[in-house]
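Pasting my_file-v7.cif here (mmCIF, C-alpha atoms):
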```
data_model
#
loop_
_atom_site.label_atom_id
_atom_site.label_comp_id
_atom_site.auth_asym_id
_atom_site.auth_seq_id
_atom_site.Cartn_x
_atom_site.Cartn_y
_atom_site.Cartn_z
CA MET A 1 0.00 0.00 0.00
CA VAL A 2 2.92 2.34 0.61
CA GLY A 3 4.08 1.63 -2.92
CA ARG A 4 0.66 2.50 -4.31
CA GLY A 5 0.65 5.72 -2.33
CA THR A 6 3.87 6.92 -3.94
CA ARG A 7 2.28 6.90 -7.41
CA LEU A 8 1.77 10.35 -8.91
CA CYS A 9 -1.70 11.73 -9.59
CA PRO A 10 -1.75 15.04 -11.50
CA ASP A 11 -4.71 17.39 -10.97
CA LEU A 12 -5.95 15.31 -8.01
CA PHE A 13 -7.48 18.16 -6.00
CA SER A 14 -8.20 20.57 -8.89
CA PRO A 15 -6.55 21.63 -12.14
CA GLY A 16 -2.90 22.29 -11.30
CA GLU A 17 -3.23 20.95 -7.76
CA HIS A 18 -1.32 17.67 -7.81
CA LYS A 19 -0.87 15.02 -5.15
CA LYS A 20 1.92 16.00 -2.76
CA PHE A 21 1.55 13.43 0.02
CA PHE A 22 -0.54 10.43 1.07
CA TYR A 23 -1.83 8.80 4.23
CA VAL A 24 -1.44 5.18 5.32
CA PHE A 25 -4.24 3.94 7.59
CA ASP A 26 -2.36 1.28 9.55
CA TYR A 27 -5.10 -0.38 11.60
CA CYS A 28 -2.96 -3.42 12.50
CA GLN A 29 0.25 -1.53 13.41
CA ASN A 30 2.25 -3.23 10.65
CA LEU A 31 4.65 -0.29 10.34
CA GLU A 32 5.45 -0.48 14.02
CA PHE A 33 5.83 -4.25 13.85
CA PHE A 34 8.43 -3.93 11.10
CA SER A 35 10.15 -1.00 12.84
CA GLN A 36 9.06 1.63 10.31
CA ASN A 37 8.49 5.12 11.73
CA PRO A 38 6.80 7.48 9.25
CA GLY A 39 4.97 10.59 10.36
CA THR A 40 1.57 9.82 11.87
CA THR A 41 -1.72 11.62 12.33
CA ASP A 42 -5.08 10.78 13.86
CA GLY A 43 -7.85 10.00 11.38
CA ASN A 44 -11.60 10.39 11.59
CA SER A 45 -14.32 7.96 10.68
CA SER A 46 -17.73 8.39 9.09
CA GLU A 47 -20.65 6.04 8.80
CA SER A 48 -20.80 3.81 5.75
CA LEU A 49 -23.59 4.20 3.19
CA GLY A 50 -25.06 0.88 4.33
CA THR A 51 -25.20 2.08 7.95
CA ARG A 52 -26.86 5.35 6.97
CA LEU A 53 -29.45 3.48 4.89
CA PHE A 54 -30.16 1.10 7.79
CA LYS A 55 -30.67 3.99 10.22
CA ALA A 56 -32.80 5.96 7.76
CA ARG A 57 -35.11 2.97 7.27
CA LEU A 58 -35.30 2.53 11.04
CA SER A 59 -36.32 6.17 11.41
CA LEU A 60 -38.96 5.72 8.71
CA ILE A 61 -40.44 2.74 10.56
CA ASP A 62 -40.41 4.73 13.80
CA GLU A 63 -42.20 7.70 12.23
CA LEU A 64 -44.79 5.48 10.56
CA ASP A 65 -45.44 3.59 13.81
CA ARG A 66 -45.83 6.85 15.75
CA GLY A 67 -48.25 8.13 13.11
CA VAL A 68 -50.43 5.06 13.56
CA ILE A 69 -50.44 5.55 17.35
CA ASP A 70 -51.29 9.25 17.46
CA GLY A 71 -53.41 9.34 14.31
CA ARG A 72 -51.43 12.05 12.54
CA HIS A 73 -51.58 10.23 9.21
CA SER A 74 -54.98 8.63 9.37
CA ASN A 75 -56.29 10.63 6.38
CA GLU A 76 -53.94 9.75 3.57
CA PRO A 77 -54.35 11.54 0.22
CA PRO A 78 -55.66 9.42 -2.65
CA ALA A 79 -53.15 7.71 -4.93
CA LYS A 80 -51.86 9.74 -7.85
CA TYR A 81 -49.90 8.68 -10.92
CA GLY A 82 -50.72 5.00 -10.68
CA PRO A 83 -50.60 2.32 -7.96
CA GLN A 84 -48.53 3.06 -4.89
CA PRO A 85 -48.10 1.45 -1.45
CA ASN A 86 -50.08 2.86 1.44
CA ARG A 87 -48.39 3.70 4.74
CA GLN A 88 -48.90 0.25 6.25
CA GLN A 89 -47.54 -1.46 3.14
CA LEU A 90 -44.56 0.91 3.14
CA ARG A 91 -43.91 0.16 6.80
CA ASP A 92 -44.14 -3.62 6.24
CA SER A 93 -41.87 -3.59 3.18
CA THR A 94 -39.27 -1.42 4.95
CA ALA A 95 -39.29 -3.67 8.01
CA GLY A 96 -39.11 -6.72 5.77
CA HIS A 97 -36.03 -5.35 4.01
CA LEU A 98 -34.25 -4.64 7.31
CA HIS A 99 -35.16 -8.13 8.52
CA GLN A 100 -33.50 -9.59 5.42
CA VAL A 101 -30.40 -7.46 6.04
CA VAL A 102 -30.07 -8.71 9.63
CA ALA A 103 -30.92 -12.32 8.76
CA ALA A 104 -28.05 -12.27 6.24
CA MET A 105 -25.50 -11.27 8.91
CA ASN A 106 -23.07 -14.14 9.47
CA THR A 107 -22.75 -14.72 13.22
CA LEU A 108 -19.43 -16.51 12.63
CA ASN A 109 -17.95 -13.25 11.34
CA PHE A 110 -15.57 -11.88 13.99
CA VAL A 111 -17.18 -8.43 13.66
CA VAL A 112 -20.72 -9.78 14.07
CA ARG A 113 -19.96 -12.38 16.76
CA PRO A 114 -19.80 -9.92 19.73
CA ARG A 115 -23.30 -8.67 18.79
CA ARG A 116 -24.70 -12.14 18.18
CA ARG A 117 -27.50 -11.84 20.75
CA SER A 118 -28.94 -8.74 19.08
CA VAL A 119 -28.48 -10.16 15.56
CA GLU A 120 -30.24 -13.42 16.40
CA LYS A 121 -33.06 -11.48 18.09
CA PHE A 122 -33.80 -9.33 15.02
CA ALA A 123 -33.16 -12.15 12.54
CA ARG A 124 -36.61 -13.43 13.56
CA PRO A 125 -39.52 -11.98 11.51
CA GLU A 126 -41.75 -11.49 14.56
CA ALA A 127 -39.25 -9.04 16.07
CA TRP A 128 -40.17 -6.51 13.37
CA LYS A 129 -43.94 -6.55 13.92
CA THR A 130 -43.53 -4.05 16.75
CA VAL A 131 -40.32 -2.03 17.08
CA THR A 132 -40.18 -0.39 20.51
CA ASP A 133 -38.02 2.56 21.53
CA ASP A 134 -35.60 0.13 23.20
CA ASP A 135 -35.47 -1.90 19.98
CA GLN A 136 -34.68 1.27 18.04
CA ILE A 137 -31.74 2.02 20.36
CA GLU A 138 -30.46 -1.56 20.22
CA LEU A 139 -30.70 -1.72 16.43
CA THR A 140 -29.00 1.65 16.01
CA THR A 141 -26.11 1.02 18.41
CA GLU A 142 -25.58 -2.74 18.07
CA VAL A 143 -26.72 -3.85 14.61
CA ALA A 144 -26.82 -1.00 12.09
CA ASN A 145 -23.08 -0.92 11.36
CA LEU A 146 -22.53 -4.69 11.10
CA PRO A 147 -21.62 -6.32 7.75
CA THR A 148 -24.27 -8.34 5.95
CA GLU A 149 -24.15 -10.91 3.17
CA LEU A 150 -27.20 -9.30 1.51
CA VAL A 151 -25.12 -7.44 -1.05
CA ASP A 152 -26.34 -4.56 -3.22
CA SER A 153 -23.44 -3.46 -5.44
CA GLU A 154 -25.33 -0.58 -7.08
CA GLU A 155 -23.67 2.40 -5.35
CA ASP A 156 -25.60 5.09 -7.27
CA ALA A 157 -28.88 3.29 -6.63
CA LYS A 158 -28.22 3.13 -2.88
CA ARG A 159 -27.41 6.83 -2.77
CA PHE A 160 -30.71 7.51 -4.53
CA ASP A 161 -32.45 5.25 -1.98
CA LEU A 162 -30.99 7.37 0.82
CA LEU A 163 -32.08 10.59 -0.86
CA VAL A 164 -35.67 9.36 -1.21
CA LEU A 165 -35.72 8.00 2.35
CA ARG A 166 -34.61 11.39 3.68
CA THR A 167 -37.34 13.02 1.60
CA GLN A 168 -39.97 10.65 3.00
CA LEU A 169 -38.81 11.48 6.52
CA ALA A 170 -39.01 15.18 5.72
CA VAL A 171 -42.63 14.70 4.59
CA LEU A 172 -43.51 12.83 7.78
CA GLN A 173 -41.74 15.32 10.05
CA ALA A 174 -42.71 18.46 8.09
CA ALA A 175 -38.99 19.27 8.12
CA PRO A 176 -37.71 22.54 6.60
CA GLY A 177 -35.18 20.63 4.48
CA PHE A 178 -37.88 19.17 2.24
CA GLY A 179 -37.42 21.84 -0.44
CA ALA A 180 -33.72 21.11 -0.94
CA LEU A 181 -34.35 17.36 -1.09
CA ARG A 182 -37.19 17.86 -3.60
CA ASP A 183 -34.97 20.02 -5.81
CA HIS A 184 -32.22 17.39 -5.71
CA ILE A 185 -34.61 14.68 -6.92
CA ARG A 186 -35.95 16.99 -9.63
CA THR A 187 -32.40 17.66 -10.82
CA ILE A 188 -31.79 13.92 -11.13
CA ALA A 189 -35.07 13.52 -13.01
CA GLY A 190 -34.06 16.37 -15.34
CA ALA A 191 -30.73 14.67 -16.08
CA LEU A 192 -32.54 11.40 -16.83
CA GLU A 193 -34.97 13.23 -19.12
CA GLU A 194 -32.05 14.24 -21.34
CA GLN A 195 -31.16 10.53 -21.78
CA GLU A 196 -34.32 9.60 -23.65
CA ALA A 197 -32.30 7.60 -26.18
CA VAL A 198 -31.66 4.94 -23.52
CA PRO A 199 -34.51 2.38 -23.78
CA ALA A 200 -34.73 1.75 -20.01
CA ILE A 201 -35.07 5.48 -19.35
CA LYS A 202 -37.54 5.98 -22.20
CA ALA A 203 -39.80 3.33 -20.67
CA GLU A 204 -40.12 5.49 -17.51
CA MET A 205 -40.20 8.84 -19.28
CA ALA A 206 -43.76 9.75 -18.21
CA LEU A 207 -42.84 9.36 -14.54
CA ILE A 208 -39.49 11.14 -15.00
CA GLN A 209 -41.10 14.14 -16.66
CA ALA A 210 -43.75 14.31 -13.94
CA ILE A 211 -41.12 14.32 -11.18
CA ALA A 212 -39.10 16.98 -12.99
CA GLY A 213 -42.19 19.24 -13.06
CA ASP A 214 -44.17 21.01 -10.34
CA GLU A 215 -47.58 19.33 -10.26
CA TRP A 216 -46.25 15.90 -9.15
CA TRP A 217 -44.94 17.49 -5.96
CA ASN A 218 -48.27 19.02 -4.95
CA ASP A 219 -49.45 16.92 -2.01
CA VAL A 220 -46.78 14.31 -2.77
CA THR A 221 -47.29 11.14 -0.73
CA LEU A 222 -44.90 8.62 0.77
CA GLY A 223 -46.24 6.00 -1.64
CA MET A 224 -45.49 8.22 -4.65
CA LEU A 225 -41.92 8.68 -3.45
CA GLU A 226 -41.54 4.95 -2.79
CA ASN A 227 -42.89 4.09 -6.24
CA ALA A 228 -40.45 6.57 -7.83
CA ARG A 229 -37.55 5.16 -5.81
CA LYS A 230 -38.17 1.59 -6.95
CA ARG A 231 -38.67 2.52 -10.62
CA LEU A 232 -35.76 4.96 -10.99
CA ARG A 233 -33.04 3.67 -8.61
CA LEU A 234 -31.34 1.49 -11.24
CA LEU A 235 -31.52 4.25 -13.87
CA VAL A 236 -29.52 6.84 -11.94
CA LYS A 237 -26.22 5.24 -12.92
CA LEU A 238 -27.09 5.87 -16.59
CA ILE A 239 -26.80 9.65 -16.21
CA GLU A 240 -23.86 10.86 -18.28
CA LYS A 241 -20.85 11.62 -16.15
CA SER A 242 -20.47 14.98 -17.86
CA LYS A 243 -23.85 15.95 -16.40
CA LYS A 244 -22.46 15.49 -12.90
CA LYS A 245 -20.88 18.85 -12.24
CA VAL A 246 -17.47 18.80 -10.58
CA VAL A 247 -17.18 21.28 -7.72
CA TYR A 248 -13.72 22.23 -6.44
CA THR A 249 -13.28 23.57 -2.93
CA ASP A 250 -10.29 25.22 -1.35
CA PHE A 251 -10.66 25.54 2.40
CA MET A 252 -8.91 24.22 5.48
CA ASP A 253 -10.54 21.98 8.05
CA GLU A 254 -11.03 23.62 11.41
CA LEU A 255 -10.20 21.50 14.45
CA GLY A 256 -11.75 22.03 17.85
CA THR A 257 -9.96 22.04 21.18
CA GLU A 258 -7.87 18.91 21.65
CA THR A 259 -8.92 16.65 24.52
CA THR A 260 -6.80 13.79 25.85
CA ILE A 261 -8.73 10.71 26.97
CA GLN A 262 -6.88 7.97 28.82
CA LEU A 263 -7.98 4.41 28.02
CA PRO A 264 -5.48 2.34 30.03
CA GLU A 265 -7.28 -0.99 29.72
CA ILE A 266 -7.54 -0.74 25.92
CA ALA A 267 -3.95 0.46 25.57
CA ASN A 268 -2.63 -2.34 27.77
CA GLY A 269 -4.64 -4.92 25.86
CA LEU A 270 -3.30 -3.69 22.52
CA ASP A 271 0.27 -3.66 23.90
CA MET A 272 -0.08 -7.28 25.02
CA VAL A 273 -1.47 -8.37 21.64
CA LYS A 274 1.43 -6.70 19.80
CA PHE A 275 3.92 -8.16 22.27
CA LYS A 276 2.58 -11.68 21.69
CA ASP A 277 2.82 -11.23 17.91
CA LYS A 278 6.40 -9.99 18.10
CA ALA A 279 7.40 -12.69 20.59
CA ARG A 280 5.85 -15.43 18.44
CA GLN A 281 7.81 -14.25 15.38
CA PHE A 282 11.05 -13.92 17.35
CA LEU A 283 10.78 -17.32 19.02
CA LYS A 284 9.98 -19.00 15.71
CA ALA A 285 13.17 -17.53 14.26
CA HIS A 286 15.16 -18.90 17.24
CA GLU A 287 13.41 -22.26 17.69
CA GLY A 288 16.78 -24.05 17.75
CA HIS A 289 17.71 -22.48 21.12
CA LEU A 290 18.35 -25.18 23.77
CA ALA A 291 15.97 -23.69 26.36
CA LEU A 292 13.21 -23.44 23.77
CA GLN A 293 13.82 -27.00 22.63
CA ARG A 294 13.49 -28.29 26.21
CA LEU A 295 10.25 -26.37 26.60
CA ARG A 296 8.74 -27.72 23.36
CA ARG A 297 9.77 -31.30 24.21
CA GLY A 298 8.07 -31.17 27.61
CA GLN A 299 11.36 -31.42 29.55
CA ALA A 300 11.91 -29.76 32.94
CA LEU A 301 13.48 -26.27 32.78
CA THR A 302 16.66 -25.32 34.61
CA PRO A 303 17.23 -21.89 36.25
CA THR A 304 19.55 -21.05 33.34
CA ASP A 305 16.76 -21.90 30.89
CA VAL A 306 14.43 -19.47 32.66
CA VAL A 307 17.00 -16.67 32.43
CA GLU A 308 17.50 -17.38 28.72
CA LEU A 309 13.76 -17.39 28.04
CA GLU A 310 13.35 -14.04 29.80
CA ARG A 311 16.19 -12.63 27.72
CA MET A 312 14.57 -13.87 24.51
CA LEU A 313 11.28 -12.17 25.39
CA ALA A 314 13.15 -8.94 26.15
CA ASP A 315 14.94 -9.19 22.79
CA ALA A 316 11.53 -9.65 21.15
CA GLY A 317 10.52 -6.21 22.40
CA GLY A 318 8.90 -7.07 25.73
CA THR A 319 9.19 -4.64 28.61
CA PRO A 320 9.66 -5.99 32.16
CA GLU A 321 6.05 -5.01 32.91
CA LEU A 322 4.66 -6.89 29.89
CA ILE A 323 6.78 -9.97 30.63
CA GLN A 324 5.66 -9.96 34.27
CA LYS A 325 2.01 -9.53 33.29
CA ALA A 326 2.20 -12.35 30.72
CA SER A 327 3.79 -14.63 33.31
CA GLU A 328 1.08 -13.84 35.86
CA GLU A 329 -1.78 -14.32 33.40
CA GLN A 330 -0.50 -17.73 32.29
CA LEU A 331 0.69 -18.78 35.80
CA GLY A 332 4.25 -19.18 34.59
CA LEU A 333 6.68 -17.75 32.07
CA GLY A 334 7.31 -21.15 30.46
CA ILE A 335 3.58 -21.76 30.03
CA PHE A 336 3.22 -18.36 28.35
CA ILE A 337 6.05 -19.09 25.90
CA ARG A 338 4.78 -22.57 25.19
CA SER A 339 1.32 -21.14 24.43
CA LEU A 340 3.02 -19.16 21.64
CA VAL A 341 5.22 -21.91 20.17
CA GLY A 342 3.35 -25.11 21.10
CA MET A 343 5.00 -28.51 21.65
CA GLU A 344 6.70 -31.02 19.39
CA ARG A 345 4.09 -33.52 18.22
CA GLU A 346 6.43 -36.49 18.66
CA ALA A 347 7.07 -35.61 22.30
CA VAL A 348 3.34 -35.32 23.03
CA SER A 349 2.58 -38.59 21.22
CA GLN A 350 5.20 -40.44 23.27
CA ALA A 351 3.73 -39.07 26.49
CA PHE A 352 0.30 -40.54 25.67
CA ASN A 353 1.42 -43.80 24.06
CA GLY A 354 1.06 -45.61 27.37
CA VAL A 355 -2.62 -44.79 27.68
CA ILE A 356 -3.66 -47.21 24.94
CA ALA A 357 -0.51 -49.36 24.81
CA GLY A 358 -1.10 -53.12 25.11
CA THR A 359 -4.82 -52.82 24.32
CA GLN A 360 -6.98 -53.16 21.23
CA ALA A 361 -7.80 -49.46 20.87
CA THR A 362 -11.06 -48.54 19.17
CA PRO A 363 -11.18 -45.86 16.42
CA ASP A 364 -12.94 -43.47 18.82
CA GLN A 365 -10.24 -43.95 21.46
CA ILE A 366 -7.51 -43.26 18.90
CA GLU A 367 -9.32 -40.15 17.65
CA PHE A 368 -9.79 -38.90 21.22
CA ILE A 369 -6.07 -39.24 21.98
CA GLU A 370 -5.21 -37.59 18.63
CA LEU A 371 -7.32 -34.58 19.59
CA ILE A 372 -5.37 -34.19 22.83
CA VAL A 373 -2.07 -34.49 20.94
CA SER A 374 -3.16 -31.89 18.38
CA GLU A 375 -4.25 -29.38 21.05
CA LEU A 376 -1.02 -29.72 23.00
CA THR A 377 1.00 -29.44 19.79
CA ALA A 378 -0.73 -26.19 18.92
CA ASN A 379 -1.18 -24.59 22.36
CA GLY A 380 1.52 -26.15 24.54
CA VAL A 381 -0.75 -26.71 27.55
CA MET A 382 -4.21 -28.08 28.16
CA GLU A 383 -6.43 -28.09 31.22
CA ALA A 384 -8.01 -31.43 32.18
CA GLY A 385 -11.42 -29.76 32.03
CA ARG A 386 -11.06 -29.49 28.23
CA LEU A 387 -11.66 -33.25 28.05
CA TYR A 388 -15.30 -32.52 28.89
CA GLU A 389 -15.80 -29.86 26.21
CA SER A 390 -16.21 -29.82 22.42
CA PRO A 391 -14.71 -31.30 20.25
CA PHE A 392 -14.02 -34.11 22.73
CA LEU A 393 -17.71 -34.43 23.61
CA ASP A 394 -18.44 -34.79 19.89
CA ILE A 395 -16.64 -38.13 20.05
CA SER A 396 -17.89 -39.19 23.46
CA PRO A 397 -20.87 -37.28 24.91
CA GLN A 398 -20.16 -38.92 28.31
CA GLY A 399 -16.62 -37.52 28.35
CA PRO A 400 -13.43 -39.62 28.50
CA GLU A 401 -15.13 -42.07 30.91
CA GLY A 402 -17.36 -43.10 28.03
CA LEU A 403 -14.34 -44.47 26.16
CA PHE A 404 -11.74 -45.31 28.81
CA GLY A 405 -11.73 -46.86 32.25
CA ALA A 406 -11.30 -44.71 35.35
CA ALA A 407 -7.62 -45.67 35.65
CA LYS A 408 -6.81 -44.52 32.11
CA VAL A 409 -8.70 -41.24 32.59
CA GLU A 410 -6.65 -40.58 35.75
CA ALA A 411 -3.50 -41.37 33.77
CA MET A 412 -4.43 -38.84 31.09
CA VAL A 413 -5.11 -36.14 33.69
CA GLU A 414 -1.78 -36.88 35.38
CA ILE A 415 0.08 -36.59 32.06
CA LEU A 416 -1.56 -33.22 31.37
CA ASP A 417 -0.58 -31.99 34.85
CA GLN A 418 3.03 -33.18 34.39
CA ILE A 419 3.30 -31.44 31.02
CA ARG A 420 2.09 -28.21 32.62
CA LEU A 421 4.38 -28.48 35.66
CA ARG A 422 7.46 -28.99 33.49
CA ALA A 423 6.78 -25.64 31.82
CA VAL A 424 6.23 -23.67 35.04
CA ALA A 425 8.95 -21.05 35.39
#
```

Write-out of the structure in structure tokens:
Amino acid sequence: MVGRGTRLCPDLFSPGEHKKFFYVFDYCQNLEFFSQNPGTTDGNSSESLGTRLFKARLSLIDELDRGVIDGRHSNEPPAKYGPQPNRQQLRDSTAGHLHQVVAAMNTLNFVVRPRRRSVEKFARPEAWKTVTDDDQIELTTEVANLPTELVDSEEDAKRFDLLVLRTQLAVLQAAPGFGALRDHIRTIAGALEEQEAVPAIKAEMALIQAIAGDEWWNDVTLGMLENARKRLRLLVKLIEKSKKKVVYTDFMDELGTETTIQLPEIANGLDMVKFKDKARQFLKAHEGHLALQRLRRGQALTPTDVVELERMLADAGGTPELIQKASEEQLGLGIFIRSLVGMEREAVSQAFNGVIAGTQATPDQIEFIELIVSELTANGVMEAGRLYESPFLDISPQGPEGLFGAAKVEAMVEILDQIRLRAVA
């Protein structure tokens, strides 16, 4: 990405105003990880188009529901310019669309997973029959900005959707911004009117000309706007680019008073994550070190080994505070290091060979032992309680006792404890 940023781009900001610099948004601290130190600046974030659409539709549902309760919209004007949805149909279709958006959110996605309770709640159709004030808050704060697999790749169409939604809200709220929104839609209709040679646009020309005029907007209804949105949204992209006027601006952003906010827990958590990443890379590059070999083979550590392991973590960029914290969290420095580098599979296999040696092991017993070996190989340590969790319960719902006798289960627990104790430092 740095290489892409160095590419020239003449007339980027306006004629004669070329690109002079570029920003790198380094969310994962890669530059720091590789010891690069360019100039940095704080960025700002804005809501995505999908989030704004979600919230606008939520607001529309809220306004329509309130209108039903207090009777503000009980007398709806008669339909003009052909069939159009009434307020209840508009409310149901809007809620149905949002339900589809939420239902298409993948709860296995690491962004969605922390909000799984809210997503699963609103993935049910009945949750949208009545949207309370608390539901509105939960949807806005917990769900609106989550990714969904219901993809709409038509960027221009979605922007037109948002424009019409804002206009519908302005009608419902009698907002003063209605005039500007109306003029914007009329401008789009006027640009489409000039593209009569395009068959798809010609087929909707009667509606386009009506929207571009004045009469259509007299007592315009929500249904008329919704009908126009559905019929014209895919045509907006056909407007000639030359018709989209380019506006150049030349002004400086104004920043408010700077405020420092301390977030020690977040900072410490990020420091530990970066420390683990650096330590893992460093230890992998020095996996031939004698102390590290003893640790990965499940052999007891000597005092000299402990000193060497501490030195290696310091060389990997760990401060004394981070090393101490990691040791305390994992109940031992050796256990922390082994959680990063794992164990040698051969050493783990030898430790558990005696459990099924001299017997006619069943396929389930062999698979159960292989799961233990794989976990220790990857993570270096394993609590005995893991034997009673998935994926072990997938093989034996009764736990290890369902496959092995009590004596063999005790032997497995003892082996796990010995492997842990040999790493304690």

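Separating atom CA of Leu108 of chain A from atom CA of Phe122 of chain A is a distance of 16.2 Å.
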
So how many Å separate atom CA of Arg52 of chain A and atom CA of Leu225 of chain A, to one decimal? 18.6 Å

Got a sec to resolve the PyMOL selection byres ((chain A and resi 381-390) around 12) on this structure and send the residues as number ranges by chain? A: 295-298, 330-332, 334-344, 348, 368-369, 371-380, 391-403, 409-424

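In this model, the gap between atom CA of Thr107 of chain A and atom CA of Ala95 of chain A comes to 20.6 Å.
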
Kindly indicate which residue among A:Pro10, A:Pro303, A:Gly96, A:Gly50 lies nearest to Glu149 of chain A, using all atoms listed in the file for the distances. A:Gly50

Option closest in space to Gly223 of chain A, from A:Gln168, A:Asn30, A:Ser349, A:Thr132 [counting all atoms listed in the file]: A:Gln168

Could you get me a file of segment 343-405 of chain A with C-alpha atoms, as a compact mmCIF listing (two decimals), in the first residue's frame, taken from the block above?
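This is the output file result.txt:
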```
# COMPACT_ATOMS: atom_id res chain seq x y z
CA MET A 343 5.00 -28.51 21.65
CA GLU A 344 6.70 -31.02 19.39
CA ARG A 345 4.09 -33.52 18.22
CA GLU A 346 6.43 -36.49 18.66
CA ALA A 347 7.07 -35.61 22.30
CA VAL A 348 3.34 -35.32 23.03
CA SER A 349 2.58 -38.59 21.22
CA GLN A 350 5.20 -40.44 23.27
CA ALA A 351 3.73 -39.07 26.49
CA PHE A 352 0.30 -40.54 25.67
CA ASN A 353 1.42 -43.80 24.06
CA GLY A 354 1.06 -45.61 27.37
CA VAL A 355 -2.62 -44.79 27.68
CA ILE A 356 -3.66 -47.21 24.94
CA ALA A 357 -0.51 -49.36 24.81
CA GLY A 358 -1.10 -53.12 25.11
CA THR A 359 -4.82 -52.82 24.32
CA GLN A 360 -6.98 -53.16 21.23
CA ALA A 361 -7.80 -49.46 20.87
CA THR A 362 -11.06 -48.54 19.17
CA PRO A 363 -11.18 -45.86 16.42
CA ASP A 364 -12.94 -43.47 18.82
CA GLN A 365 -10.24 -43.95 21.46
CA ILE A 366 -7.51 -43.26 18.90
CA GLU A 367 -9.32 -40.15 17.65
CA PHE A 368 -9.79 -38.90 21.22
CA ILE A 369 -6.07 -39.24 21.98
CA GLU A 370 -5.21 -37.59 18.63
CA LEU A 371 -7.32 -34.58 19.59
CA ILE A 372 -5.37 -34.19 22.83
CA VAL A 373 -2.07 -34.49 20.94
CA SER A 374 -3.16 -31.89 18.38
CA GLU A 375 -4.25 -29.38 21.05
CA LEU A 376 -1.02 -29.72 23.00
CA THR A 377 1.00 -29.44 19.79
CA ALA A 378 -0.73 -26.19 18.92
CA ASN A 379 -1.18 -24.59 22.36
CA GLY A 380 1.52 -26.15 24.54
CA VAL A 381 -0.75 -26.71 27.55
CA MET A 382 -4.21 -28.08 28.16
CA GLU A 383 -6.43 -28.09 31.22
CA ALA A 384 -8.01 -31.43 32.18
CA GLY A 385 -11.42 -29.76 32.03
CA ARG A 386 -11.06 -29.49 28.23
CA LEU A 387 -11.66 -33.25 28.05
CA TYR A 388 -15.30 -32.52 28.89
CA GLU A 389 -15.80 -29.86 26.21
CA SER A 390 -16.21 -29.82 22.42
CA PRO A 391 -14.71 -31.30 20.25
CA PHE A 392 -14.02 -34.11 22.73
CA LEU A 393 -17.71 -34.43 23.61
CA ASP A 394 -18.44 -34.79 19.89
CA ILE A 395 -16.64 -38.13 20.05
CA SER A 396 -17.89 -39.19 23.46
CA PRO A 397 -20.87 -37.28 24.91
CA GLN A 398 -20.16 -38.92 28.31
CA GLY A 399 -16.62 -37.52 28.35
CA PRO A 400 -13.43 -39.62 28.50
CA GLU A 401 -15.13 -42.07 30.91
CA GLY A 402 -17.36 -43.10 28.03
CA LEU A 403 -14.34 -44.47 26.16
CA PHE A 404 -11.74 -45.31 28.81
CA GLY A 405 -11.73 -46.86 32.25
```
